[in-house]
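Student: If it helps, the file is called structure08.tsv and holds TSV, C-alpha atoms and all ligand atoms:
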chain	number	residue	atom	x	y	z
A	1	PHE	CA	9.60	5.25	11.35
A	2	LYS	CA	7.91	2.29	12.96
A	3	ILE	CA	4.41	3.08	11.69
A	4	SER	CA	3.18	3.64	8.15
A	5	LYS	CA	-0.15	5.03	7.09
A	6	VAL	CA	-1.74	3.17	4.20
A	7	ILE	CA	-4.97	4.26	2.51
A	8	VAL	CA	-7.19	1.92	0.51
A	9	VAL	CA	-9.32	3.56	-2.18
A	10	GLY	CA	-11.48	2.45	-5.12
A	11	ASP	CA	-15.05	2.20	-6.39
A	12	LEU	CA	-17.89	1.09	-4.16
A	13	SER	CA	-18.19	-2.63	-3.63
A	14	VAL	CA	-14.87	-3.56	-5.25
A	15	GLY	CA	-13.92	-5.36	-2.04
A	16	LYS	CA	-11.72	-2.97	-0.02
A	17	THR	CA	-13.24	-3.88	3.35
A	18	CYS	CA	-13.13	-7.60	2.58
A	19	LEU	CA	-9.48	-7.36	1.59
A	20	ILE	CA	-8.52	-5.74	4.89
A	21	ASN	CA	-10.71	-8.09	6.91
A	22	ARG	CA	-9.27	-11.16	5.22
A	23	PHE	CA	-5.78	-10.03	6.16
A	24	CYS	CA	-6.38	-8.59	9.63
A	25	LYS	CA	-9.10	-10.93	10.92
A	26	ASP	CA	-8.99	-13.86	8.46
A	27	THR	CA	-12.72	-13.48	7.87
A	28	PHE	CA	-14.90	-13.02	4.80
A	29	ASP	CA	-18.43	-11.60	4.71
A	30	LYS	CA	-20.43	-12.25	1.56
A	31	ASN	CA	-22.96	-9.54	2.44
A	32	TYR	CA	-22.21	-6.02	1.30
A	33	LYS	CA	-22.18	-3.32	3.97
A	34	ALA	CA	-21.07	0.04	2.65
A	35	THR	CA	-18.24	1.76	4.50
A	36	ILE	CA	-19.45	5.12	5.79
A	37	GLY	CA	-16.56	7.57	5.70
A	38	VAL	CA	-13.61	5.51	6.86
A	39	ASP	CA	-12.68	2.48	8.95
A	40	PHE	CA	-9.33	1.82	10.49
A	41	GLU	CA	-7.25	-1.26	11.33
A	42	MET	CA	-3.79	-1.51	12.80
A	43	GLU	CA	-1.66	-4.52	11.90
A	44	ARG	CA	1.62	-5.32	13.61
A	45	PHE	CA	4.63	-6.91	11.91
A	46	GLU	CA	8.22	-7.63	12.74
A	47	VAL	CA	10.67	-6.70	10.01
A	48	LEU	CA	14.29	-7.79	10.55
A	49	GLY	CA	13.46	-8.15	14.24
A	50	ILE	CA	12.05	-4.61	14.49
A	51	PRO	CA	8.39	-4.06	15.42
A	52	PHE	CA	6.57	-2.28	12.63
A	53	SER	CA	2.88	-1.42	12.16
A	54	LEU	CA	0.66	-0.63	9.24
A	55	GLN	CA	-2.28	1.70	9.83
A	56	LEU	CA	-4.79	0.55	7.23
A	57	TRP	CA	-7.43	3.16	6.36
A	58	ASP	CA	-10.42	1.61	4.60
A	59	THR	CA	-12.22	4.43	2.78
A	60	ALA	CA	-15.76	4.60	1.40
A	61	GLY	CA	-16.23	4.07	-2.33
A	62	GLN	CA	-19.73	5.54	-2.43
A	63	GLU	CA	-19.85	9.01	-3.94
A	64	ARG	CA	-21.87	10.50	-1.07
A	65	PHE	CA	-19.21	9.49	1.49
A	66	LYS	CA	-16.21	10.42	-0.64
A	67	CYS	CA	-16.00	13.89	0.82
A	68	ILE	CA	-15.56	12.59	4.38
A	69	ALA	CA	-13.20	9.81	3.29
A	70	SER	CA	-10.87	12.16	1.38
A	71	THR	CA	-10.13	14.12	4.54
A	72	TYR	CA	-8.21	11.05	5.75
A	73	TYR	CA	-5.97	10.78	2.66
A	74	ARG	CA	-3.24	13.08	3.95
A	75	GLY	CA	0.07	11.66	5.18
A	76	ALA	CA	-0.20	8.28	3.46
A	77	GLN	CA	3.04	6.44	2.78
A	78	ALA	CA	1.28	3.95	0.54
A	79	ILE	CA	-1.88	4.10	-1.55
A	80	ILE	CA	-3.69	0.90	-2.45
A	81	ILE	CA	-6.10	1.41	-5.35
A	82	VAL	CA	-8.53	-1.48	-5.64
A	83	PHE	CA	-10.62	-2.45	-8.67
A	84	ASN	CA	-12.83	-5.44	-9.41
A	85	LEU	CA	-11.21	-7.82	-11.91
A	86	ASN	CA	-14.69	-8.51	-13.31
A	87	ASP	CA	-15.67	-4.88	-13.86
A	88	VAL	CA	-13.65	-2.94	-16.40
A	89	ALA	CA	-15.24	0.38	-15.38
A	90	SER	CA	-13.77	0.00	-11.89
A	91	LEU	CA	-10.31	-0.32	-13.47
A	92	GLU	CA	-10.89	2.84	-15.55
A	93	HIS	CA	-11.89	4.73	-12.42
A	94	THR	CA	-8.63	3.88	-10.62
A	95	LYS	CA	-6.86	6.80	-12.33
A	96	GLN	CA	-9.32	9.25	-10.80
A	97	TRP	CA	-9.00	7.62	-7.37
A	98	LEU	CA	-5.26	7.96	-7.60
A	99	ALA	CA	-5.42	11.59	-8.73
A	100	ASP	CA	-7.67	12.45	-5.78
A	101	ALA	CA	-5.43	10.64	-3.28
A	102	LEU	CA	-2.29	12.29	-4.67
A	103	LYS	CA	-3.75	15.77	-4.17
A	104	GLU	CA	-3.22	15.20	-0.44
A	105	ASN	CA	0.16	13.46	-0.65
A	106	ASP	CA	3.65	13.82	-2.07
A	107	PRO	CA	3.65	11.91	-5.37
A	108	SER	CA	7.43	11.54	-5.31
A	109	SER	CA	7.56	9.60	-2.06
A	110	VAL	CA	4.31	7.63	-1.85
A	111	LEU	CA	4.26	3.93	-2.77
A	112	LEU	CA	1.48	2.81	-5.12
A	113	PHE	CA	-0.26	-0.54	-5.44
A	114	LEU	CA	-2.95	-1.41	-7.98
A	115	VAL	CA	-4.97	-4.38	-6.73
A	116	GLY	CA	-7.42	-6.42	-8.79
A	117	SER	CA	-9.97	-8.05	-6.46
A	118	LYS	CA	-12.41	-10.98	-6.67
A	119	LYS	CA	-10.06	-13.15	-8.70
A	120	ASP	CA	-12.15	-16.18	-7.75
A	121	LEU	CA	-14.98	-14.86	-9.95
A	122	SER	CA	-12.89	-14.64	-13.15
A	123	THR	CA	-12.41	-17.47	-15.62
A	124	PRO	CA	-8.76	-17.89	-16.67
A	125	ALA	CA	-9.59	-16.40	-20.11
A	126	GLN	CA	-11.32	-13.36	-18.64
A	127	TYR	CA	-8.49	-12.92	-16.19
A	128	VAL	CA	-5.83	-12.87	-18.90
A	129	LEU	CA	-7.65	-10.07	-20.74
A	130	MET	CA	-8.16	-8.00	-17.62
A	131	GLU	CA	-4.59	-8.52	-16.49
A	132	ARG	CA	-3.28	-7.11	-19.77
A	133	ASP	CA	-5.26	-3.87	-19.24
A	134	ALA	CA	-4.43	-3.72	-15.55
A	135	LEU	CA	-0.70	-4.05	-16.19
A	136	LYS	CA	-0.90	-1.15	-18.64
A	137	VAL	CA	-2.66	1.04	-16.05
A	138	ALA	CA	-0.20	-0.03	-13.34
A	139	GLN	CA	2.73	0.90	-15.57
A	140	GLU	CA	1.26	4.35	-16.28
A	141	MET	CA	0.72	4.93	-12.56
A	142	LYS	CA	4.11	3.46	-11.61
A	143	ALA	CA	2.24	1.13	-9.29
A	144	GLU	CA	2.92	-2.48	-8.39
A	145	TYR	CA	0.12	-4.75	-9.65
A	146	TRP	CA	-1.43	-7.56	-7.61
A	147	ALA	CA	-4.45	-9.82	-8.19
A	148	VAL	CA	-6.17	-11.19	-5.10
A	149	SER	CA	-9.24	-12.96	-3.79
A	150	SER	CA	-10.53	-12.18	-0.33
A	151	LEU	CA	-12.95	-15.10	-0.60
A	152	THR	CA	-10.23	-17.74	-1.06
A	153	GLY	CA	-7.44	-15.65	0.50
A	154	GLU	CA	-5.29	-16.00	-2.64
A	155	ASN	CA	-2.35	-13.57	-2.52
A	156	VAL	CA	-3.81	-11.49	0.35
A	157	ARG	CA	-1.14	-12.27	2.93
A	158	GLU	CA	1.66	-12.05	0.38
A	159	PHE	CA	0.36	-8.69	-0.80
A	160	PHE	CA	0.24	-7.06	2.65
A	161	PHE	CA	3.64	-8.49	3.57
A	162	ARG	CA	4.99	-6.81	0.45
A	163	VAL	CA	3.34	-3.51	1.44
A	164	ALA	CA	4.88	-3.82	4.91
A	165	ALA	CA	8.34	-4.61	3.55
A	166	LEU	CA	8.37	-1.73	1.07
A	167	THR	CA	6.97	0.88	3.47
A	168	PHE	CA	9.42	-0.23	6.17
A	169	GLU	CA	12.32	0.07	3.74
A	170	ALA	CA	11.16	3.52	2.60
A	171	ASN	CA	10.84	4.67	6.22
A	172	VAL	CA	14.31	3.45	7.15
A	173	LEU	CA	15.87	5.21	4.17
A	174	ALA	CA	13.96	8.43	4.92
A	175	GLU	CA	15.10	8.24	8.55
A	176	LEU	CA	18.73	7.75	7.54
A	177	GLU	CA	18.58	10.76	5.23
A	178	LYS	CA	17.07	12.88	7.97
A	179	SER	CA	19.52	11.87	10.69
A	180	GLY	CA	22.81	13.02	9.26
A	181	ALA	CA	22.15	12.75	5.54
A	182	ARG	CA	23.94	9.42	5.29
A	183	ARG	CA	23.08	7.77	2.03
A	184	ILE	CA	23.81	4.26	0.94
A	185	GLY	CA	27.12	4.51	-0.89
A	186	ASP	CA	28.41	7.35	1.30
A	187	VAL	CA	31.98	6.92	2.40
A	188	VAL	CA	32.30	6.33	6.13
A	189	ARG	CA	35.28	6.04	8.42
A	190	ILE	CA	35.55	3.22	10.92
A	191	ASN	CA	38.12	3.97	13.61
A	192	SER	CA	38.06	2.25	16.99
A	193	ASP	CA	40.01	5.14	18.60
A	194	ASP	CA	37.06	7.39	17.97
A	195	ASN	CA	34.04	7.56	20.24
A	196	ASN	CA	32.06	7.91	17.06
A	197	LEU	CA	32.45	4.72	15.10
A	198	TYR	CA	30.69	6.01	12.00
A	199	LEU	CA	31.54	9.40	10.56
A	200	THR	CA	30.57	10.73	7.19
A	201	ALA	CA	33.31	11.55	4.74
A	202	SER	CA	32.43	15.22	4.85
A	203	LYS	CA	33.52	15.41	8.49
A	204	LYS	CA	36.82	13.50	8.36
A	205	LYS	CA	39.14	12.10	5.76
A	206	PRO	CA	38.16	8.47	5.26
A	207	THR	CA	40.53	5.62	5.87
A	208	CYS	CA	38.07	2.95	4.92
A	209	CYS	CA	35.33	2.78	2.34
A	210	LEU	CA	32.13	0.78	2.62
B	1	LIG	N1	-16.54	-13.54	-4.71
B	1	LIG	C1	-15.95	-12.55	-4.06
B	1	LIG	N2	-16.69	-11.55	-3.53
B	1	LIG	C2	-16.04	-10.56	-2.87
B	1	LIG	C3	-14.62	-10.52	-2.76
B	1	LIG	N3	-14.28	-9.41	-2.09
B	1	LIG	C4	-15.44	-8.79	-1.78
B	1	LIG	N4	-16.50	-9.47	-2.25
B	1	LIG	C5	-17.92	-9.09	-2.11
B	1	LIG	O1	-18.12	-7.80	-2.70
B	1	LIG	C6	-19.04	-7.03	-1.92
B	1	LIG	C7	-18.41	-5.72	-1.54
B	1	LIG	O2	-17.31	-5.92	-0.70
B	1	LIG	P1	-16.75	-4.76	0.28
B	1	LIG	O3	-15.45	-5.24	0.80
B	1	LIG	O4	-17.76	-4.39	1.25
B	1	LIG	O5	-16.55	-3.56	-0.77
B	1	LIG	P2	-15.95	-2.12	-0.51
B	1	LIG	O6	-15.04	-1.81	-1.63
B	1	LIG	O7	-15.38	-2.03	0.86
B	1	LIG	O8	-17.26	-1.20	-0.63
B	1	LIG	P3	-17.49	0.32	-0.07
B	1	LIG	O9	-17.39	0.25	1.42
B	1	LIG	O10	-18.88	0.69	-0.50
B	1	LIG	O11	-16.49	1.20	-0.69
B	1	LIG	C8	-19.43	-7.90	-0.72
B	1	LIG	O12	-20.68	-8.54	-0.99
B	1	LIG	C9	-18.33	-8.94	-0.64
B	1	LIG	O13	-18.73	-10.16	-0.09
B	1	LIG	C10	-13.88	-11.59	-3.34
B	1	LIG	O14	-12.64	-11.66	-3.29
B	1	LIG	N5	-14.58	-12.55	-3.98
Give the structure from this file in structure tokens form.
Tutor:
Amino acid sequence: FKISKVIVVGDLSVGKTCLINRFCKDTFDKNYKATIGVDFEMERFEVLGIPFSLQLWDTAGQERFKCIASTYYRGAQAIIIVFNLNDVASLEHTKQWLADALKENDPSSVLLFLVGSKKDLSTPAQYVLMERDALKVAQEMKAEYWAVSSLTGENVREFFFRVAALTFEANVLAELEKSGARRIGDVVRINSDDNNLYLTASKKKPTCCL
């Protein structure tokens, strides 16, 4: 559970590569170079003292590369759908990007993030209008909404830390369920006479509830 796969999808030129590069390398390139197929970055974190990594898959937005990119969608624990805050069409297209990504993943367990990019190019008035529409789309998708700028770095670090925290939490919970079906709220027995300090209620009568 110490690694999570994250895919980044969205229209061409919305800023997916720049977003990843700002976070992983703290760089920004103002020249557009289309991603061909996919690119990959690994970023290491420490969550509650435990090493944890995000595999960030930067996919191509161009139609002609979509076919290659979509073969990398499978097994994602989080999907980041990026749109340009200054291009309403790119927001409209996010629903299709999500639908395509969900074909390869389990919709009930994957975490979703809707990210508006290039915030530095919006005036406050334009931003307010776009944010209203974006929040509506995010609500429909059950995604968390973020607005970022890779040029200034605004919100980029905070956003990826949030992705890391939520994917880590989801992985830990999934691991707990797998290894003995212990759920939060389960009754456990703590008894120092036992070799096993933690036993689920189904195995022994509890003397102590947590
Ligand atoms: N002003 C500004 N420009 C940005 C920002 N993010 C990206 N850009 C510019 O937008 C263009 C496209 O950025 P990319 O990151 O390459 O876009 P992409 O979504 O990866 O594109 P594809 O690989 O074709 O899917 C580049 O010229 C970037 O410099 C931003 O936050 N602010």
Student: So which residues touch segment 41-57 of chain A within 12 Å, counting all atoms listed in the file, skipping near sequence neighbours fewer than 6 positions away, as JSON, numbers by chain?
Tutor: {"A": [1, 2, 3, 4, 5, 6, 7, 8, 9, 16, 17, 19, 20, 21, 22, 23, 24, 25, 35, 69, 70, 71, 72, 73, 74, 75, 76, 77, 78, 79, 80, 81, 157, 160, 161, 162, 163, 164, 165, 166, 167, 168, 169, 171, 172]}
Student: What is the distance, in Å and to one decimal place, between atom CA of Leu85 of chain A and atom CA of Lys119 of chain A?
Tutor: 6.3 Å
Student: Closest to Asp29 of chain A among A:Ser109, A:Thr94, A:Thr152, A:Ser179, using only C-alpha atoms?
Tutor: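 The answer is A:Thr152, which sits nearest to Asp29 of chain A.
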Student: Could the residues that lie within 6 Å of ligand LIG 1 (chain B), counting only C-alpha atoms and all ligand atoms, be listed as a list in words?
Tutor: Asp11, Leu12, Ser13, Val14, Gly15, Lys16, Thr17, Cys18, Asp29, Lys30, Asn31, Tyr32, Lys33, Ala34, Thr35, Ala60, Gly61, Gln62, Ser117, Lys118, Asp120, Leu121, Ser149, Ser150 and Leu151 of chain A
Student: Quick check, in Å to one decimal: how far apart do atom CA of Phe65 of chain A and atom CA of Val38 of chain A lie?
Tutor: 8.7 Å
Student: Just how far from atom CA of Ala143 of chain A is atom CA of Thr59 of chain A, in Å to one decimal?
Tutor: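 If I compute the distance from atom CA of Thr59 of chain A to atom CA of Ala143 of chain A, I get 19.1 Å.
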Student: Just checking: using only C-alpha atoms, which residue out of A:Asp106, A:Glu154, A:Leu111, A:Lys95 ends up closest to Lys136 of chain A?
Tutor: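 Answer, going by the shortest atom-to-atom distance: A:Lys95.
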Student: Would you fill the gaps in segment 56-92 of chain A so it has N, CA and C atoms, then print it as a CSV table (one decimal), in the coordinates of the input?
Tutor:
chain,number,residue,atom,x,y,z
A,56,LEU,N,-4.1,0.8,8.5
A,56,LEU,CA,-4.8,0.6,7.2
A,56,LEU,C,-6.1,1.3,7.3
A,57,TRP,N,-6.2,2.3,6.4
A,57,TRP,CA,-7.4,3.2,6.4
A,57,TRP,C,-8.3,2.7,5.2
A,58,ASP,N,-9.4,2.1,5.6
A,58,ASP,CA,-10.4,1.6,4.6
A,58,ASP,C,-11.4,2.7,4.3
A,59,THR,N,-11.4,3.3,3.1
A,59,THR,CA,-12.2,4.4,2.8
A,59,THR,C,-13.5,4.0,2.0
A,60,ALA,N,-14.5,4.9,2.1
A,60,ALA,CA,-15.8,4.6,1.4
A,60,ALA,C,-15.6,4.8,-0.1
A,61,GLY,N,-16.2,3.9,-0.9
A,61,GLY,CA,-16.2,4.1,-2.3
A,61,GLY,C,-17.5,4.8,-2.8
A,62,GLN,N,-18.5,4.9,-2.0
A,62,GLN,CA,-19.7,5.5,-2.4
A,62,GLN,C,-19.5,7.0,-2.5
A,63,GLU,N,-20.0,7.6,-3.6
A,63,GLU,CA,-19.8,9.0,-3.9
A,63,GLU,C,-20.2,9.9,-2.8
A,64,ARG,N,-21.4,9.6,-2.1
A,64,ARG,CA,-21.9,10.5,-1.1
A,64,ARG,C,-21.0,10.5,0.2
A,65,PHE,N,-20.1,9.5,0.3
A,65,PHE,CA,-19.2,9.5,1.5
A,65,PHE,C,-17.8,9.9,1.1
A,66,LYS,N,-17.6,10.2,-0.2
A,66,LYS,CA,-16.2,10.4,-0.6
A,66,LYS,C,-15.6,11.7,0.0
A,67,CYS,N,-16.5,12.6,0.3
A,67,CYS,CA,-16.0,13.9,0.8
A,67,CYS,C,-15.4,13.7,2.2
A,68,ILE,N,-16.1,12.9,3.0
A,68,ILE,CA,-15.6,12.6,4.4
A,68,ILE,C,-14.3,11.8,4.2
A,69,ALA,N,-14.3,10.7,3.4
A,69,ALA,CA,-13.2,9.8,3.3
A,69,ALA,C,-11.9,10.6,2.9
A,70,SER,N,-12.1,11.5,1.9
A,70,SER,CA,-10.9,12.2,1.4
A,70,SER,C,-10.2,13.0,2.4
A,71,THR,N,-10.8,13.3,3.5
A,71,THR,CA,-10.1,14.1,4.5
A,71,THR,C,-9.1,13.2,5.3
A,72,TYR,N,-9.2,12.0,5.1
A,72,TYR,CA,-8.2,11.0,5.8
A,72,TYR,C,-7.1,10.6,4.8
A,73,TYR,N,-7.0,11.2,3.6
A,73,TYR,CA,-6.0,10.8,2.7
A,73,TYR,C,-4.6,11.3,3.0
A,74,ARG,N,-4.5,12.4,3.7
A,74,ARG,CA,-3.2,13.1,4.0
A,74,ARG,C,-2.3,12.2,4.8
A,75,GLY,N,-1.0,12.3,4.4
A,75,GLY,CA,0.1,11.7,5.2
A,75,GLY,C,0.2,10.2,4.9
A,76,ALA,N,-0.3,9.7,3.8
A,76,ALA,CA,-0.2,8.3,3.5
A,76,ALA,C,1.2,8.0,2.9
A,77,GLN,N,1.8,6.9,3.4
A,77,GLN,CA,3.0,6.4,2.8
A,77,GLN,C,2.8,5.4,1.6
A,78,ALA,N,1.6,4.8,1.7
A,78,ALA,CA,1.3,4.0,0.5
A,78,ALA,C,-0.2,4.1,0.2
A,79,ILE,N,-0.5,4.0,-1.1
A,79,ILE,CA,-1.9,4.1,-1.6
A,79,ILE,C,-2.2,2.8,-2.3
A,80,ILE,N,-3.2,2.1,-1.8
A,80,ILE,CA,-3.7,0.9,-2.4
A,80,ILE,C,-5.0,1.2,-3.2
A,81,ILE,N,-4.9,1.1,-4.5
A,81,ILE,CA,-6.1,1.4,-5.4
A,81,ILE,C,-6.7,0.1,-5.8
A,82,VAL,N,-7.9,-0.2,-5.4
A,82,VAL,CA,-8.5,-1.5,-5.6
A,82,VAL,C,-9.5,-1.4,-6.8
A,83,PHE,N,-9.6,-2.3,-7.7
A,83,PHE,CA,-10.6,-2.4,-8.7
A,83,PHE,C,-11.1,-3.9,-8.7
A,84,ASN,N,-12.3,-4.1,-9.3
A,84,ASN,CA,-12.8,-5.4,-9.4
A,84,ASN,C,-12.4,-6.0,-10.8
A,85,LEU,N,-11.7,-7.2,-10.7
A,85,LEU,CA,-11.2,-7.8,-11.9
A,85,LEU,C,-12.3,-8.2,-12.9
A,86,ASN,N,-13.6,-8.1,-12.4
A,86,ASN,CA,-14.7,-8.5,-13.3
A,86,ASN,C,-15.5,-7.3,-13.7
A,87,ASP,N,-14.9,-6.1,-13.6
A,87,ASP,CA,-15.7,-4.9,-13.9
A,87,ASP,C,-14.7,-3.9,-14.4
A,88,VAL,N,-14.7,-3.8,-15.7
A,88,VAL,CA,-13.6,-2.9,-16.4
A,88,VAL,C,-13.8,-1.5,-16.0
A,89,ALA,N,-15.0,-1.0,-15.8
A,89,ALA,CA,-15.2,0.4,-15.4
A,89,ALA,C,-14.5,0.7,-14.1
A,90,SER,N,-14.5,-0.3,-13.2
A,90,SER,CA,-13.8,0.0,-11.9
A,90,SER,C,-12.3,0.2,-12.1
A,91,LEU,N,-11.7,-0.5,-13.1
A,91,LEU,CA,-10.3,-0.3,-13.5
A,91,LEU,C,-10.1,1.1,-14.1
A,92,GLU,N,-11.0,1.5,-14.9
A,92,GLU,CA,-10.9,2.8,-15.6
A,92,GLU,C,-10.9,3.9,-14.5
